[in-house]
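Q: Below are the structure tokens for one structure; questions will follow.
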Amino acid sequence: GESVGLHLPTLSVQEGDNSIINCAYSNSASDYFIWYKQESGKGPQFIIDIRSNMDKRQGQRVTVLLNKTVKHLSLQIAATQPGDSAVYFCAEKWQGAQKLVFGQGTRLTINP
Amino acid sequence: KAGVTQTPRYLIKTRGQQVTLSCSPISGHRSVSWYQQTPGQGLQFLFEYFSETQRNKGNFPGRFSGRQFSNSRSEMNVSTLELGDSALYLCASSRGQGDTQYFGPGTRLTVL
């Protein structure tokens, strides 16, 4: 079906700890995946992306892992900071299509 | 480089009215996509324009329409507004189809 789901709607972590946000996608034909961060009152902000021919991609403090066998995507945030508090969305793009299909979002809260 | 801009940022309308929202993409970006974000349905794709042509359309009624101008700026229109149209309307631009989409801050539409 047309859905990208998240295992947990909320996640609380201690400042300085690492965070892992998970996402399951349903369309095995998807060829591009993106993580967005949305803060209150703002539009989604691009964090990192990965194409289906890759398993892992690293950015600054963030890593995205793609497991095509089980159709699973994860976002790892290292040494979380208060500014990381936001809702995180995974999105998939079906091969040949332009539209993004978004997950429900996970609210990440950083505890001091 | 300036990001995606959307106007107006906030809008209040009454049922039955129509509304036009505007989006200016990042300079050099030719693809503009529109999404609706609500607490209940999350982020849902409305349509995508590339070179003044609608290339993809989501599952929304015909009351939702859009267009793109030669300078890549885009507008979306919603006619005969319903209470359920209250949402954050997000515009995203990309260099071309299949490229990373960058979002604007959105227009918050409230229908009374």
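Residues in the structure tokens are named by chain (A, B, ... in the order shown) and by number from 1 within that chain; ligands are numbered from 1 in the order shown.
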Counting only C-alpha atoms, what are the residues of chain B within 7 Å of chain A, and for each of them which pair of atoms is the nearest and at what distance in Å, to one decimal? Sort the table by chain and rising number, as CSV.

A:
residue,atom,partner,partner_atom,distance
B:Gly42,CA,A:Gln104,CA,5.9
B:Leu43,CA,A:Phe102,CA,6.1
B:Phe45,CA,A:Lys99,CA,6.3
B:Asn56,CA,A:Gln98,CA,7.0
B:Leu90,CA,A:Gly43,CA,7.0
B:Gln97,CA,A:Gln98,CA,5.9
B:Gly98,CA,A:Gln98,CA,5.8
B:Tyr102,CA,A:Phe46,CA,6.5
B:Phe103,CA,A:Gly43,CA,5.9
B:Gly104,CA,A:Gly43,CA,5.6
B:Pro105,CA,A:Gly43,CA,4.2
B:Gly106,CA,A:Gly43,CA,5.9

Q: Among the residues of chain B, find those DSSP assigns to strand (DSSP E) from the backbone and print them as a ChimeraX atom specification.

A: /B:5-7,10-13,19-24,31-38,42-50,53-57,64-68,74-78,87-94,102-103,107-111

Q: Might you pull out every residue within 6 Å of stretch 21-38 of chain B, with only C-alpha atoms counted and same-chain residues fewer than 2 positions away left off, and present them as a ChimeraX atom specification?

A: /B:3-7,40-50,72-76,87-96

Q: Can you list, as a PDB file with N, CA, C and O atoms, in the first residue's frame, every protein, DNA or RNA residue that comes within 9 Å of stretch 10-15 of chain A when you count only C-alpha atoms, leaving out same-chain residues fewer than 3 positions away?

A:
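What landed in out24.pdb:
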ATOM      1  N   ASN A  18      22.963   9.083  22.039  1.00  0.00           N
ATOM      2  CA  ASN A  18      22.640   8.872  20.634  1.00  0.00           C
ATOM      3  C   ASN A  18      21.166   8.507  20.488  1.00  0.00           C
ATOM      4  O   ASN A  18      20.596   7.848  21.372  1.00  0.00           O
ATOM      5  N   SER A  19      20.565   8.938  19.391  1.00  0.00           N
ATOM      6  CA  SER A  19      19.157   8.642  19.112  1.00  0.00           C
ATOM      7  C   SER A  19      19.060   7.799  17.858  1.00  0.00           C
ATOM      8  O   SER A  19      19.834   7.979  16.918  1.00  0.00           O
ATOM      9  N   ILE A  20      18.091   6.906  17.867  1.00  0.00           N
ATOM     10  CA  ILE A  20      17.815   6.119  16.663  1.00  0.00           C
ATOM     11  C   ILE A  20      16.320   6.197  16.389  1.00  0.00           C
ATOM     12  O   ILE A  20      15.505   5.836  17.237  1.00  0.00           O
ATOM     13  N   ILE A  21      15.972   6.676  15.232  1.00  0.00           N
ATOM     14  CA  ILE A  21      14.579   6.783  14.806  1.00  0.00           C
ATOM     15  C   ILE A  21      14.375   5.810  13.657  1.00  0.00           C
ATOM     16  O   ILE A  21      15.152   5.808  12.697  1.00  0.00           O
ATOM     17  N   ALA A  79      25.251  12.150  19.734  1.00  0.00           N
ATOM     18  CA  ALA A  79      25.431  13.227  20.721  1.00  0.00           C
ATOM     19  C   ALA A  79      24.328  14.272  20.603  1.00  0.00           C
ATOM     20  O   ALA A  79      24.584  15.440  20.277  1.00  0.00           O
ATOM     21  N   THR A  80      23.108  13.846  20.877  1.00  0.00           N
ATOM     22  CA  THR A  80      21.966  14.739  20.683  1.00  0.00           C
ATOM     23  C   THR A  80      22.086  16.005  21.510  1.00  0.00           C
ATOM     24  O   THR A  80      22.611  16.012  22.627  1.00  0.00           O
ATOM     25  N   GLN A  81      21.563  17.066  20.908  1.00  0.00           N
ATOM     26  CA  GLN A  81      21.594  18.388  21.518  1.00  0.00           C
ATOM     27  C   GLN A  81      20.168  18.904  21.653  1.00  0.00           C
ATOM     28  O   GLN A  81      19.265  18.423  20.966  1.00  0.00           O
ATOM     29  N   PRO A  82      19.945  19.891  22.507  1.00  0.00           N
ATOM     30  CA  PRO A  82      18.585  20.438  22.666  1.00  0.00           C
ATOM     31  C   PRO A  82      17.974  20.871  21.325  1.00  0.00           C
ATOM     32  O   PRO A  82      16.778  20.723  21.116  1.00  0.00           O
ATOM     33  N   VAL A  87      10.077  17.041  15.270  1.00  0.00           N
ATOM     34  CA  VAL A  87       9.442  15.861  14.692  1.00  0.00           C
ATOM     35  C   VAL A  87      10.248  15.451  13.472  1.00  0.00           C
ATOM     36  O   VAL A  87      10.589  16.285  12.639  1.00  0.00           O
ATOM     37  N   GLY A 105       5.704  10.443  11.368  1.00  0.00           N
ATOM     38  CA  GLY A 105       6.584  11.310  12.137  1.00  0.00           C
ATOM     39  C   GLY A 105       6.854  10.782  13.529  1.00  0.00           C
ATOM     40  O   GLY A 105       6.000  10.122  14.128  1.00  0.00           O
ATOM     41  N   THR A 106       8.036  11.048  14.037  1.00  0.00           N
ATOM     42  CA  THR A 106       8.415  10.723  15.405  1.00  0.00           C
ATOM     43  C   THR A 106       8.838  11.999  16.100  1.00  0.00           C
ATOM     44  O   THR A 106       9.680  12.740  15.576  1.00  0.00           O
ATOM     45  N   ARG A 107       8.251  12.240  17.271  1.00  0.00           N
ATOM     46  CA  ARG A 107       8.647  13.437  18.021  1.00  0.00           C
ATOM     47  C   ARG A 107       9.819  13.072  18.921  1.00  0.00           C
ATOM     48  O   ARG A 107       9.707  12.209  19.782  1.00  0.00           O
ATOM     49  N   LEU A 108      10.926  13.729  18.694  1.00  0.00           N
ATOM     50  CA  LEU A 108      12.128  13.500  19.494  1.00  0.00           C
ATOM     51  C   LEU A 108      12.248  14.607  20.532  1.00  0.00           C
ATOM     52  O   LEU A 108      12.250  15.800  20.190  1.00  0.00           O
ATOM     53  N   THR A 109      12.336  14.204  21.790  1.00  0.00           N
ATOM     54  CA  THR A 109      12.498  15.152  22.895  1.00  0.00           C
ATOM     55  C   THR A 109      13.839  14.900  23.551  1.00  0.00           C
ATOM     56  O   THR A 109      14.168  13.751  23.883  1.00  0.00           O
ATOM     57  N   ILE A 110      14.599  15.959  23.743  1.00  0.00           N
ATOM     58  CA  ILE A 110      15.910  15.843  24.391  1.00  0.00           C
ATOM     59  C   ILE A 110      15.789  16.326  25.819  1.00  0.00           C
ATOM     60  O   ILE A 110      15.416  17.475  26.070  1.00  0.00           O
ATOM     61  N   ASN A 111      16.101  15.453  26.752  1.00  0.00           N
ATOM     62  CA  ASN A 111      16.044  15.798  28.169  1.00  0.00           C
ATOM     63  C   ASN A 111      17.402  16.311  28.641  1.00  0.00           C
ATOM     64  O   ASN A 111      18.433  15.727  28.309  1.00  0.00           O
ATOM     65  N   PRO A 112      17.403  17.401  29.411  1.00  0.00           N
ATOM     66  CA  PRO A 112      18.691  17.975  29.860  1.00  0.00           C
ATOM     67  C   PRO A 112      19.383  17.089  30.892  1.00  0.00           C
ATOM     68  O   PRO A 112      18.767  16.259  31.525  1.00  0.00           O
TER      69      PRO A 112
END
